[in-house]
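Structure below is data.cif: mmCIF, N, CA, C and O atoms and all ligand atoms.
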data_upload
#
loop_
_atom_site.label_atom_id
_atom_site.label_comp_id
_atom_site.auth_asym_id
_atom_site.auth_seq_id
_atom_site.Cartn_x
_atom_site.Cartn_y
_atom_site.Cartn_z
N MET A 4 -34.50 134.05 9.47
CA MET A 4 -34.74 134.37 8.06
C MET A 4 -33.73 133.64 7.18
O MET A 4 -32.53 133.71 7.40
N ALA A 5 -34.21 132.95 6.21
CA ALA A 5 -33.33 132.20 5.32
C ALA A 5 -33.33 132.84 3.93
O ALA A 5 -34.35 133.28 3.44
N ASN A 6 -32.16 132.86 3.37
CA ASN A 6 -31.99 133.45 2.05
C ASN A 6 -31.53 132.38 1.08
O ASN A 6 -30.73 131.54 1.42
N LEU A 7 -32.02 132.45 -0.13
CA LEU A 7 -31.58 131.48 -1.12
C LEU A 7 -31.03 132.22 -2.33
O LEU A 7 -31.68 133.11 -2.86
N ALA A 8 -29.83 131.86 -2.70
CA ALA A 8 -29.23 132.46 -3.88
C ALA A 8 -28.60 131.36 -4.71
O ALA A 8 -28.44 130.23 -4.24
N THR A 9 -28.26 131.67 -5.91
CA THR A 9 -27.63 130.68 -6.77
C THR A 9 -26.31 131.22 -7.29
O THR A 9 -26.27 132.29 -7.88
N GLY A 10 -25.26 130.49 -7.01
CA GLY A 10 -23.95 130.86 -7.53
C GLY A 10 -23.68 130.10 -8.81
O GLY A 10 -24.36 129.13 -9.13
N LEU A 11 -22.68 130.57 -9.52
CA LEU A 11 -22.33 129.92 -10.77
C LEU A 11 -20.84 129.63 -10.77
O LEU A 11 -20.02 130.49 -10.44
N THR A 12 -20.49 128.42 -11.12
CA THR A 12 -19.09 128.08 -11.24
C THR A 12 -18.89 127.39 -12.59
O THR A 12 -19.83 127.21 -13.34
N GLN A 13 -17.66 127.02 -12.86
CA GLN A 13 -17.37 126.46 -14.17
C GLN A 13 -16.66 125.13 -13.99
O GLN A 13 -15.77 125.00 -13.15
N CYS A 14 -17.05 124.14 -14.79
CA CYS A 14 -16.40 122.85 -14.72
C CYS A 14 -14.95 122.97 -15.19
O CYS A 14 -14.69 123.52 -16.26
N PRO A 15 -13.99 122.49 -14.39
CA PRO A 15 -12.58 122.59 -14.79
C PRO A 15 -12.25 121.69 -15.99
O PRO A 15 -11.24 121.90 -16.65
N GLU A 16 -13.10 120.71 -16.26
CA GLU A 16 -12.83 119.77 -17.34
C GLU A 16 -13.37 120.26 -18.68
O GLU A 16 -12.66 120.28 -19.67
N CYS A 17 -14.65 120.65 -18.70
CA CYS A 17 -15.26 121.00 -19.98
C CYS A 17 -15.75 122.44 -20.01
O CYS A 17 -16.33 122.88 -21.00
N HIS A 18 -15.51 123.20 -18.91
CA HIS A 18 -15.86 124.63 -18.84
C HIS A 18 -17.35 124.87 -18.99
O HIS A 18 -17.77 125.95 -19.39
N GLU A 19 -18.13 123.88 -18.66
CA GLU A 19 -19.57 124.03 -18.69
C GLU A 19 -20.00 124.78 -17.43
O GLU A 19 -19.48 124.52 -16.35
N PRO A 20 -20.92 125.75 -17.55
CA PRO A 20 -21.38 126.46 -16.36
C PRO A 20 -22.19 125.54 -15.46
O PRO A 20 -23.05 124.79 -15.93
N LEU A 21 -21.90 125.59 -14.15
CA LEU A 21 -22.58 124.73 -13.19
C LEU A 21 -23.21 125.58 -12.10
O LEU A 21 -22.59 126.51 -11.59
N LEU A 22 -24.44 125.24 -11.74
CA LEU A 22 -25.16 126.00 -10.72
C LEU A 22 -24.81 125.49 -9.32
O LEU A 22 -24.70 124.29 -9.10
N VAL A 23 -24.61 126.44 -8.41
CA VAL A 23 -24.36 126.10 -7.01
C VAL A 23 -25.36 126.84 -6.14
O VAL A 23 -25.19 128.03 -5.87
N PRO A 24 -26.43 126.17 -5.71
CA PRO A 24 -27.38 126.84 -4.81
C PRO A 24 -26.71 127.19 -3.49
O PRO A 24 -26.03 126.37 -2.89
N VAL A 25 -26.90 128.42 -3.04
CA VAL A 25 -26.29 128.89 -1.79
C VAL A 25 -27.40 129.29 -0.83
O VAL A 25 -28.30 130.05 -1.19
N ARG A 26 -27.32 128.75 0.38
CA ARG A 26 -28.33 129.08 1.38
C ARG A 26 -27.64 129.82 2.53
O ARG A 26 -26.62 129.36 3.05
N ALA A 27 -28.17 130.97 2.89
CA ALA A 27 -27.62 131.75 4.00
C ALA A 27 -28.62 131.71 5.16
O ALA A 27 -29.78 132.05 5.00
N ARG A 28 -28.13 131.29 6.32
CA ARG A 28 -29.00 131.20 7.49
C ARG A 28 -28.43 132.09 8.58
O ARG A 28 -27.24 132.02 8.89
N GLN A 29 -29.29 132.92 9.15
CA GLN A 29 -28.82 133.82 10.22
C GLN A 29 -28.68 133.04 11.51
O GLN A 29 -29.62 132.40 11.97
N VAL A 30 -27.48 133.06 12.08
CA VAL A 30 -27.23 132.32 13.31
C VAL A 30 -26.91 133.26 14.47
O VAL A 30 -26.73 132.82 15.60
N GLY A 31 -26.85 134.56 14.21
CA GLY A 31 -26.56 135.53 15.27
C GLY A 31 -26.99 136.90 14.80
O GLY A 31 -27.44 137.05 13.67
N PRO A 32 -26.85 137.91 15.66
CA PRO A 32 -27.26 139.28 15.30
C PRO A 32 -26.62 139.76 14.00
O PRO A 32 -27.26 140.44 13.23
N ALA A 33 -25.35 139.41 13.78
CA ALA A 33 -24.67 139.84 12.55
C ALA A 33 -23.87 138.67 11.99
O ALA A 33 -22.79 138.84 11.44
N GLU A 34 -24.43 137.47 12.17
CA GLU A 34 -23.67 136.28 11.78
C GLU A 34 -24.53 135.40 10.88
O GLU A 34 -25.69 135.12 11.19
N TYR A 35 -23.94 134.98 9.79
CA TYR A 35 -24.67 134.14 8.85
C TYR A 35 -23.89 132.86 8.57
O TYR A 35 -22.66 132.88 8.46
N ALA A 36 -24.60 131.77 8.49
CA ALA A 36 -23.97 130.51 8.12
C ALA A 36 -24.32 130.21 6.67
O ALA A 36 -25.50 130.20 6.29
N LEU A 37 -23.30 129.99 5.87
CA LEU A 37 -23.53 129.73 4.45
C LEU A 37 -23.44 128.24 4.17
O LEU A 37 -22.58 127.53 4.69
N HIS A 38 -24.36 127.77 3.34
CA HIS A 38 -24.32 126.37 2.94
C HIS A 38 -24.30 126.31 1.41
O HIS A 38 -25.22 126.79 0.76
N PHE A 39 -23.26 125.73 0.89
CA PHE A 39 -23.14 125.58 -0.56
C PHE A 39 -23.54 124.16 -0.96
O PHE A 39 -22.97 123.19 -0.47
N ASP A 40 -24.53 124.07 -1.81
CA ASP A 40 -24.98 122.76 -2.27
C ASP A 40 -24.18 122.36 -3.51
O ASP A 40 -24.45 122.79 -4.61
N LEU A 41 -23.17 121.51 -3.27
CA LEU A 41 -22.26 121.13 -4.37
C LEU A 41 -22.66 119.81 -5.02
O LEU A 41 -21.89 119.25 -5.79
N SER A 42 -23.86 119.32 -4.71
CA SER A 42 -24.24 118.00 -5.23
C SER A 42 -24.29 118.00 -6.76
O SER A 42 -23.87 117.03 -7.40
N GLN A 43 -24.79 119.10 -7.34
CA GLN A 43 -24.86 119.14 -8.82
C GLN A 43 -23.46 119.16 -9.43
O GLN A 43 -23.21 118.53 -10.46
N VAL A 44 -22.55 119.90 -8.79
CA VAL A 44 -21.18 119.98 -9.30
C VAL A 44 -20.51 118.61 -9.18
O VAL A 44 -19.84 118.15 -10.10
N ARG A 45 -20.71 117.94 -8.02
CA ARG A 45 -20.10 116.62 -7.81
C ARG A 45 -20.60 115.63 -8.85
O ARG A 45 -19.82 114.88 -9.43
N GLU A 46 -21.92 115.65 -9.08
CA GLU A 46 -22.50 114.72 -10.05
C GLU A 46 -21.89 114.94 -11.43
O GLU A 46 -21.57 114.00 -12.15
N HIS A 47 -21.73 116.20 -11.80
CA HIS A 47 -21.17 116.51 -13.11
C HIS A 47 -19.71 116.06 -13.20
O HIS A 47 -19.31 115.42 -14.17
N VAL A 48 -18.91 116.39 -12.19
CA VAL A 48 -17.49 116.01 -12.21
C VAL A 48 -17.36 114.49 -12.19
O VAL A 48 -16.45 113.93 -12.80
N ASP A 49 -18.28 113.82 -11.49
CA ASP A 49 -18.24 112.36 -11.45
C ASP A 49 -18.37 111.75 -12.84
O ASP A 49 -17.77 110.71 -13.12
N THR A 50 -19.13 112.39 -13.72
CA THR A 50 -19.26 111.86 -15.07
C THR A 50 -17.92 111.91 -15.79
O THR A 50 -17.60 111.03 -16.58
N HIS A 51 -17.12 112.93 -15.51
CA HIS A 51 -15.78 113.02 -16.11
C HIS A 51 -14.86 111.96 -15.52
O HIS A 51 -14.09 111.32 -16.23
N VAL A 52 -14.93 111.78 -14.19
CA VAL A 52 -14.08 110.80 -13.52
C VAL A 52 -14.39 109.40 -14.05
O VAL A 52 -13.50 108.62 -14.33
N ALA A 53 -15.68 109.10 -14.21
CA ALA A 53 -16.07 107.80 -14.74
C ALA A 53 -15.52 107.61 -16.15
O ALA A 53 -15.06 106.54 -16.52
N GLY A 54 -15.58 108.69 -16.95
CA GLY A 54 -15.07 108.62 -18.32
C GLY A 54 -13.58 108.39 -18.34
O GLY A 54 -13.08 107.59 -19.13
N LEU A 55 -12.85 109.05 -17.45
CA LEU A 55 -11.40 108.90 -17.40
C LEU A 55 -11.03 107.46 -17.00
O LEU A 55 -10.10 106.89 -17.53
N ALA A 56 -11.78 106.91 -16.06
CA ALA A 56 -11.48 105.56 -15.57
C ALA A 56 -11.61 104.54 -16.69
O ALA A 56 -10.80 103.61 -16.79
N THR A 57 -12.62 104.70 -17.56
CA THR A 57 -12.81 103.73 -18.62
C THR A 57 -11.81 103.94 -19.75
O THR A 57 -11.57 103.05 -20.54
N GLU A 58 -11.20 105.15 -19.80
CA GLU A 58 -10.24 105.43 -20.87
C GLU A 58 -8.84 104.94 -20.54
O GLU A 58 -7.98 104.87 -21.40
N LEU A 59 -8.60 104.61 -19.26
CA LEU A 59 -7.29 104.14 -18.86
C LEU A 59 -6.98 102.77 -19.46
O LEU A 59 -7.84 101.89 -19.47
N PRO A 60 -5.79 102.59 -19.98
CA PRO A 60 -5.43 101.25 -20.48
C PRO A 60 -5.33 100.27 -19.31
O PRO A 60 -4.98 100.66 -18.21
N PRO A 61 -5.62 98.99 -19.54
CA PRO A 61 -5.64 98.00 -18.46
C PRO A 61 -4.32 97.95 -17.69
O PRO A 61 -4.31 97.73 -16.49
N ALA A 62 -3.20 98.19 -18.38
CA ALA A 62 -1.90 98.10 -17.73
C ALA A 62 -1.71 99.18 -16.67
O ALA A 62 -0.91 99.01 -15.75
N ALA A 63 -2.42 100.30 -16.80
CA ALA A 63 -2.24 101.41 -15.90
C ALA A 63 -3.07 101.27 -14.63
O ALA A 63 -2.98 102.08 -13.74
N GLN A 64 -3.90 100.26 -14.57
CA GLN A 64 -4.77 100.11 -13.39
C GLN A 64 -4.19 99.20 -12.33
O GLN A 64 -3.39 98.35 -12.64
ZN ZN A 101 -17.67 119.12 -17.21
#
Written as structure tokens, how would this file's structure read?
Ligand SMILES: [Zn+2]
Amino acid sequence: MANLATGLTQCPECHEPLLVPVRARQVGPAEYALHFDLSQVREHVDTHVAGLATELPPAAQ
């Protein structure tokens, strides 16, 4: 039996709410394996990283 839930976290840069889909898979009688899908969070944080890189002065690179 697989369960799907959605967690919520906050971007450390702009404090925008970000969704984290969580999948719980039963792997034993009382054991569950959790999988956090952080792809949306990574994509969002990547936009900040890209912005920071372009804001750096040439001398600092
Ligand atoms: Zn952000």
Between atom CA of Ala53 of chain A and atom N of Val25 of chain A - distance in Å to one decimal: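 Pair atom N of Val25 of chain A / atom CA of Ala53 of chain A returns 26.1 Å.
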Residues of chain A within 6 Å of ligand ZN 101 (chain A): nearest atom pair and distance (Å, one decimal) for each, counting only N, CA, C and O atoms and all ligand atoms, sorted by chain and number, as a tab-separated table?
residue	atom	partner	partner_atom	distance
A:Cys14	CA	A:ZN101	ZN	4.7
A:Pro15	N	A:ZN101	ZN	5.7
A:Glu16	C	A:ZN101	ZN	4.7
A:Cys17	N	A:ZN101	ZN	3.7
A:His18	N	A:ZN101	ZN	4.9
A:Glu19	N	A:ZN101	ZN	5.0
A:His47	O	A:ZN101	ZN	5.1
A:Val48	N	A:ZN101	ZN	5.8
Expected file contents, prior selection, N, CA, C and O atoms, as a compact mmCIF listing (two decimals), in the frame of the given file:
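Ended up saving to part06.txt:
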# COMPACT_ATOMS: atom_id res chain seq x y z
N CYS A 14 -17.05 124.14 -14.79
CA CYS A 14 -16.40 122.85 -14.72
C CYS A 14 -14.95 122.97 -15.19
O CYS A 14 -14.69 123.52 -16.26
N PRO A 15 -13.99 122.49 -14.39
CA PRO A 15 -12.58 122.59 -14.79
C PRO A 15 -12.25 121.69 -15.99
O PRO A 15 -11.24 121.90 -16.65
N GLU A 16 -13.10 120.71 -16.26
CA GLU A 16 -12.83 119.77 -17.34
C GLU A 16 -13.37 120.26 -18.68
O GLU A 16 -12.66 120.28 -19.67
N CYS A 17 -14.65 120.65 -18.70
CA CYS A 17 -15.26 121.00 -19.98
C CYS A 17 -15.75 122.44 -20.01
O CYS A 17 -16.33 122.88 -21.00
N HIS A 18 -15.51 123.20 -18.91
CA HIS A 18 -15.86 124.63 -18.84
C HIS A 18 -17.35 124.87 -18.99
O HIS A 18 -17.77 125.95 -19.39
N GLU A 19 -18.13 123.88 -18.66
CA GLU A 19 -19.57 124.03 -18.69
C GLU A 19 -20.00 124.78 -17.43
O GLU A 19 -19.48 124.52 -16.35
N HIS A 47 -21.73 116.20 -11.80
CA HIS A 47 -21.17 116.51 -13.11
C HIS A 47 -19.71 116.06 -13.20
O HIS A 47 -19.31 115.42 -14.17
N VAL A 48 -18.91 116.39 -12.19
CA VAL A 48 -17.49 116.01 -12.21
C VAL A 48 -17.36 114.49 -12.19
O VAL A 48 -16.45 113.93 -12.80
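Near Leu41 of chain A, within a cut-off of 7 Å and counting all atoms listed in the file, sit the residues A:Leu22, A:Val23, A:Pro24, A:His47, with same-chain residues fewer than 6 positions away left out.
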How about saving the chosen residues, N, CA, C and O atoms kept, as a PDB file, in the frame of the given file?
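What ended up in part16.pdb:
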ATOM      1  N   LEU A  22     -24.440 125.240 -11.740  1.00  0.00           N
ATOM      2  CA  LEU A  22     -25.160 126.000 -10.720  1.00  0.00           C
ATOM      3  C   LEU A  22     -24.810 125.490  -9.320  1.00  0.00           C
ATOM      4  O   LEU A  22     -24.700 124.290  -9.100  1.00  0.00           O
ATOM      5  N   VAL A  23     -24.610 126.440  -8.410  1.00  0.00           N
ATOM      6  CA  VAL A  23     -24.360 126.100  -7.010  1.00  0.00           C
ATOM      7  C   VAL A  23     -25.360 126.840  -6.140  1.00  0.00           C
ATOM      8  O   VAL A  23     -25.190 128.030  -5.870  1.00  0.00           O
ATOM      9  N   PRO A  24     -26.430 126.170  -5.710  1.00  0.00           N
ATOM     10  CA  PRO A  24     -27.380 126.840  -4.810  1.00  0.00           C
ATOM     11  C   PRO A  24     -26.710 127.190  -3.490  1.00  0.00           C
ATOM     12  O   PRO A  24     -26.030 126.370  -2.890  1.00  0.00           O
ATOM     13  N   HIS A  47     -21.730 116.200 -11.800  1.00  0.00           N
ATOM     14  CA  HIS A  47     -21.170 116.510 -13.110  1.00  0.00           C
ATOM     15  C   HIS A  47     -19.710 116.060 -13.200  1.00  0.00           C
ATOM     16  O   HIS A  47     -19.310 115.420 -14.170  1.00  0.00           O
TER      17      HIS A  47
END
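DSSP secondary structure from the backbone places Ala5, Asn6, Leu7, Ala8, Thr9, Gly10, Leu11, Thr12, Gln13, Pro20, Leu21, Leu22, Val23, Pro24, Val25, Arg26, Ala27, Arg28, Gln29, Val30, Gly31, Glu34, Tyr35, Ala36, Leu37, His38 and Phe39 of chain A of chain A in strand (DSSP E).
Distance-wise, atom C of Gln29 of chain A and atom O of Gln43 of chain A end up 26.9 Å apart.
Of note, atom O of Ala8 of chain A and atom N of Asp40 of chain A are spaced 7.7 Å apart.
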Nearby residues, (-24.5, 130.0, 4.1) file frame, 7 Å, only N, CA, C and O atoms, as a list in words: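 Neighbouring residues, ordered by chain and number, come to Asn6, Val25, Arg26, Ala27, Arg28, Tyr35, Ala36, Leu37, His38 and Phe39 of chain A.
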Chain A: residues DSSP assigns to alpha helix (DSSP H), reported as a list in words: Ser42, Gln43, Val44, Arg45, Glu46, His47, Val48, Asp49, Thr50, His51, Val52, Ala53, Gly54, Leu55, Ala56, Thr57 and Glu58 of chain A
Nearest residue to Leu21 of chain A from the set A:His51, A:Val44, A:Glu58, A:Ala33 (distances using all atoms listed in the file):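 Result for the nearest residue to Leu21 of chain A: A:Val44.
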Add whatever atoms are absent from segment 30-41 of chain A to reach all heavy atoms, and provide the output as a PDB file, in the frame of the given file.
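The resulting file, result_34.pdb, is shown below:
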ATOM      1  N   VAL A  30     -27.480 133.060  12.080  1.00  0.00           N
ATOM      2  CA  VAL A  30     -27.230 132.320  13.310  1.00  0.00           C
ATOM      3  C   VAL A  30     -26.910 133.260  14.470  1.00  0.00           C
ATOM      4  O   VAL A  30     -26.730 132.820  15.600  1.00  0.00           O
ATOM      5  CB  VAL A  30     -26.072 131.307  13.133  1.00  0.00           C
ATOM      6  CG1 VAL A  30     -26.481 130.218  12.145  1.00  0.00           C
ATOM      7  CG2 VAL A  30     -24.800 132.001  12.673  1.00  0.00           C
ATOM      8  N   GLY A  31     -26.850 134.560  14.210  1.00  0.00           N
ATOM      9  CA  GLY A  31     -26.560 135.530  15.270  1.00  0.00           C
ATOM     10  C   GLY A  31     -26.990 136.900  14.800  1.00  0.00           C
ATOM     11  O   GLY A  31     -27.440 137.050  13.670  1.00  0.00           O
ATOM     12  N   PRO A  32     -26.850 137.910  15.660  1.00  0.00           N
ATOM     13  CA  PRO A  32     -27.260 139.280  15.300  1.00  0.00           C
ATOM     14  C   PRO A  32     -26.620 139.760  14.000  1.00  0.00           C
ATOM     15  O   PRO A  32     -27.260 140.440  13.230  1.00  0.00           O
ATOM     16  CB  PRO A  32     -26.752 140.109  16.497  1.00  0.00           C
ATOM     17  CG  PRO A  32     -26.655 139.145  17.621  1.00  0.00           C
ATOM     18  CD  PRO A  32     -26.291 137.808  17.012  1.00  0.00           C
ATOM     19  N   ALA A  33     -25.350 139.410  13.780  1.00  0.00           N
ATOM     20  CA  ALA A  33     -24.670 139.840  12.550  1.00  0.00           C
ATOM     21  C   ALA A  33     -23.870 138.670  11.990  1.00  0.00           C
ATOM     22  O   ALA A  33     -22.790 138.840  11.440  1.00  0.00           O
ATOM     23  CB  ALA A  33     -23.773 141.036  12.822  1.00  0.00           C
ATOM     24  N   GLU A  34     -24.430 137.470  12.170  1.00  0.00           N
ATOM     25  CA  GLU A  34     -23.670 136.280  11.780  1.00  0.00           C
ATOM     26  C   GLU A  34     -24.530 135.400  10.880  1.00  0.00           C
ATOM     27  O   GLU A  34     -25.690 135.120  11.190  1.00  0.00           O
ATOM     28  CB  GLU A  34     -23.290 135.501  13.047  1.00  0.00           C
ATOM     29  CG  GLU A  34     -21.988 134.750  12.922  1.00  0.00           C
ATOM     30  CD  GLU A  34     -21.657 134.038  14.221  1.00  0.00           C
ATOM     31  OE1 GLU A  34     -22.023 134.558  15.295  1.00  0.00           O
ATOM     32  OE2 GLU A  34     -21.054 132.971  14.146  1.00  0.00           O
ATOM     33  N   TYR A  35     -23.940 134.980   9.790  1.00  0.00           N
ATOM     34  CA  TYR A  35     -24.670 134.140   8.850  1.00  0.00           C
ATOM     35  C   TYR A  35     -23.890 132.860   8.570  1.00  0.00           C
ATOM     36  O   TYR A  35     -22.660 132.880   8.460  1.00  0.00           O
ATOM     37  CB  TYR A  35     -24.900 134.868   7.521  1.00  0.00           C
ATOM     38  CG  TYR A  35     -25.933 135.965   7.629  1.00  0.00           C
ATOM     39  CD1 TYR A  35     -25.556 137.246   8.022  1.00  0.00           C
ATOM     40  CD2 TYR A  35     -27.272 135.715   7.342  1.00  0.00           C
ATOM     41  CE1 TYR A  35     -26.495 138.259   8.133  1.00  0.00           C
ATOM     42  CE2 TYR A  35     -28.216 136.718   7.452  1.00  0.00           C
ATOM     43  CZ  TYR A  35     -27.833 137.988   7.842  1.00  0.00           C
ATOM     44  OH  TYR A  35     -28.752 138.982   7.958  1.00  0.00           O
ATOM     45  N   ALA A  36     -24.600 131.770   8.490  1.00  0.00           N
ATOM     46  CA  ALA A  36     -23.970 130.510   8.120  1.00  0.00           C
ATOM     47  C   ALA A  36     -24.320 130.210   6.670  1.00  0.00           C
ATOM     48  O   ALA A  36     -25.500 130.200   6.290  1.00  0.00           O
ATOM     49  CB  ALA A  36     -24.470 129.384   9.028  1.00  0.00           C
ATOM     50  N   LEU A  37     -23.300 129.990   5.870  1.00  0.00           N
ATOM     51  CA  LEU A  37     -23.530 129.730   4.450  1.00  0.00           C
ATOM     52  C   LEU A  37     -23.440 128.240   4.170  1.00  0.00           C
ATOM     53  O   LEU A  37     -22.580 127.530   4.690  1.00  0.00           O
ATOM     54  CB  LEU A  37     -22.472 130.451   3.596  1.00  0.00           C
ATOM     55  CG  LEU A  37     -22.600 131.966   3.491  1.00  0.00           C
ATOM     56  CD1 LEU A  37     -21.505 132.516   2.602  1.00  0.00           C
ATOM     57  CD2 LEU A  37     -23.959 132.354   2.927  1.00  0.00           C
ATOM     58  N   HIS A  38     -24.360 127.770   3.340  1.00  0.00           N
ATOM     59  CA  HIS A  38     -24.320 126.370   2.940  1.00  0.00           C
ATOM     60  C   HIS A  38     -24.300 126.310   1.410  1.00  0.00           C
ATOM     61  O   HIS A  38     -25.220 126.790   0.760  1.00  0.00           O
ATOM     62  CB  HIS A  38     -25.536 125.624   3.486  1.00  0.00           C
ATOM     63  CG  HIS A  38     -25.655 124.239   2.956  1.00  0.00           C
ATOM     64  ND1 HIS A  38     -24.881 123.199   3.434  1.00  0.00           N
ATOM     65  CD2 HIS A  38     -26.426 123.718   1.975  1.00  0.00           C
ATOM     66  CE1 HIS A  38     -25.196 122.102   2.767  1.00  0.00           C
ATOM     67  NE2 HIS A  38     -26.122 122.375   1.876  1.00  0.00           N
ATOM     68  N   PHE A  39     -23.260 125.730   0.890  1.00  0.00           N
ATOM     69  CA  PHE A  39     -23.140 125.580  -0.560  1.00  0.00           C
ATOM     70  C   PHE A  39     -23.540 124.160  -0.960  1.00  0.00           C
ATOM     71  O   PHE A  39     -22.970 123.190  -0.470  1.00  0.00           O
ATOM     72  CB  PHE A  39     -21.704 125.839  -1.020  1.00  0.00           C
ATOM     73  CG  PHE A  39     -21.237 127.241  -0.750  1.00  0.00           C
ATOM     74  CD1 PHE A  39     -20.664 127.567   0.464  1.00  0.00           C
ATOM     75  CD2 PHE A  39     -21.384 128.220  -1.705  1.00  0.00           C
ATOM     76  CE1 PHE A  39     -20.242 128.861   0.729  1.00  0.00           C
ATOM     77  CE2 PHE A  39     -20.964 129.520  -1.451  1.00  0.00           C
ATOM     78  CZ  PHE A  39     -20.395 129.839  -0.242  1.00  0.00           C
ATOM     79  N   ASP A  40     -24.530 124.070  -1.810  1.00  0.00           N
ATOM     80  CA  ASP A  40     -24.980 122.760  -2.270  1.00  0.00           C
ATOM     81  C   ASP A  40     -24.180 122.360  -3.510  1.00  0.00           C
ATOM     82  O   ASP A  40     -24.450 122.790  -4.610  1.00  0.00           O
ATOM     83  CB  ASP A  40     -26.476 122.824  -2.609  1.00  0.00           C
ATOM     84  CG  ASP A  40     -27.007 121.456  -2.999  1.00  0.00           C
ATOM     85  OD1 ASP A  40     -26.206 120.493  -3.033  1.00  0.00           O
ATOM     86  OD2 ASP A  40     -28.206 121.346  -3.284  1.00  0.00           O
ATOM     87  N   LEU A  41     -23.170 121.510  -3.270  1.00  0.00           N
ATOM     88  CA  LEU A  41     -22.260 121.130  -4.370  1.00  0.00           C
ATOM     89  C   LEU A  41     -22.660 119.810  -5.020  1.00  0.00           C
ATOM     90  O   LEU A  41     -21.890 119.250  -5.790  1.00  0.00           O
ATOM     91  CB  LEU A  41     -20.832 121.027  -3.833  1.00  0.00           C
ATOM     92  CG  LEU A  41     -20.214 122.348  -3.355  1.00  0.00           C
ATOM     93  CD1 LEU A  41     -18.865 122.099  -2.713  1.00  0.00           C
ATOM     94  CD2 LEU A  41     -20.061 123.322  -4.518  1.00  0.00           C
TER      95      LEU A  41
END
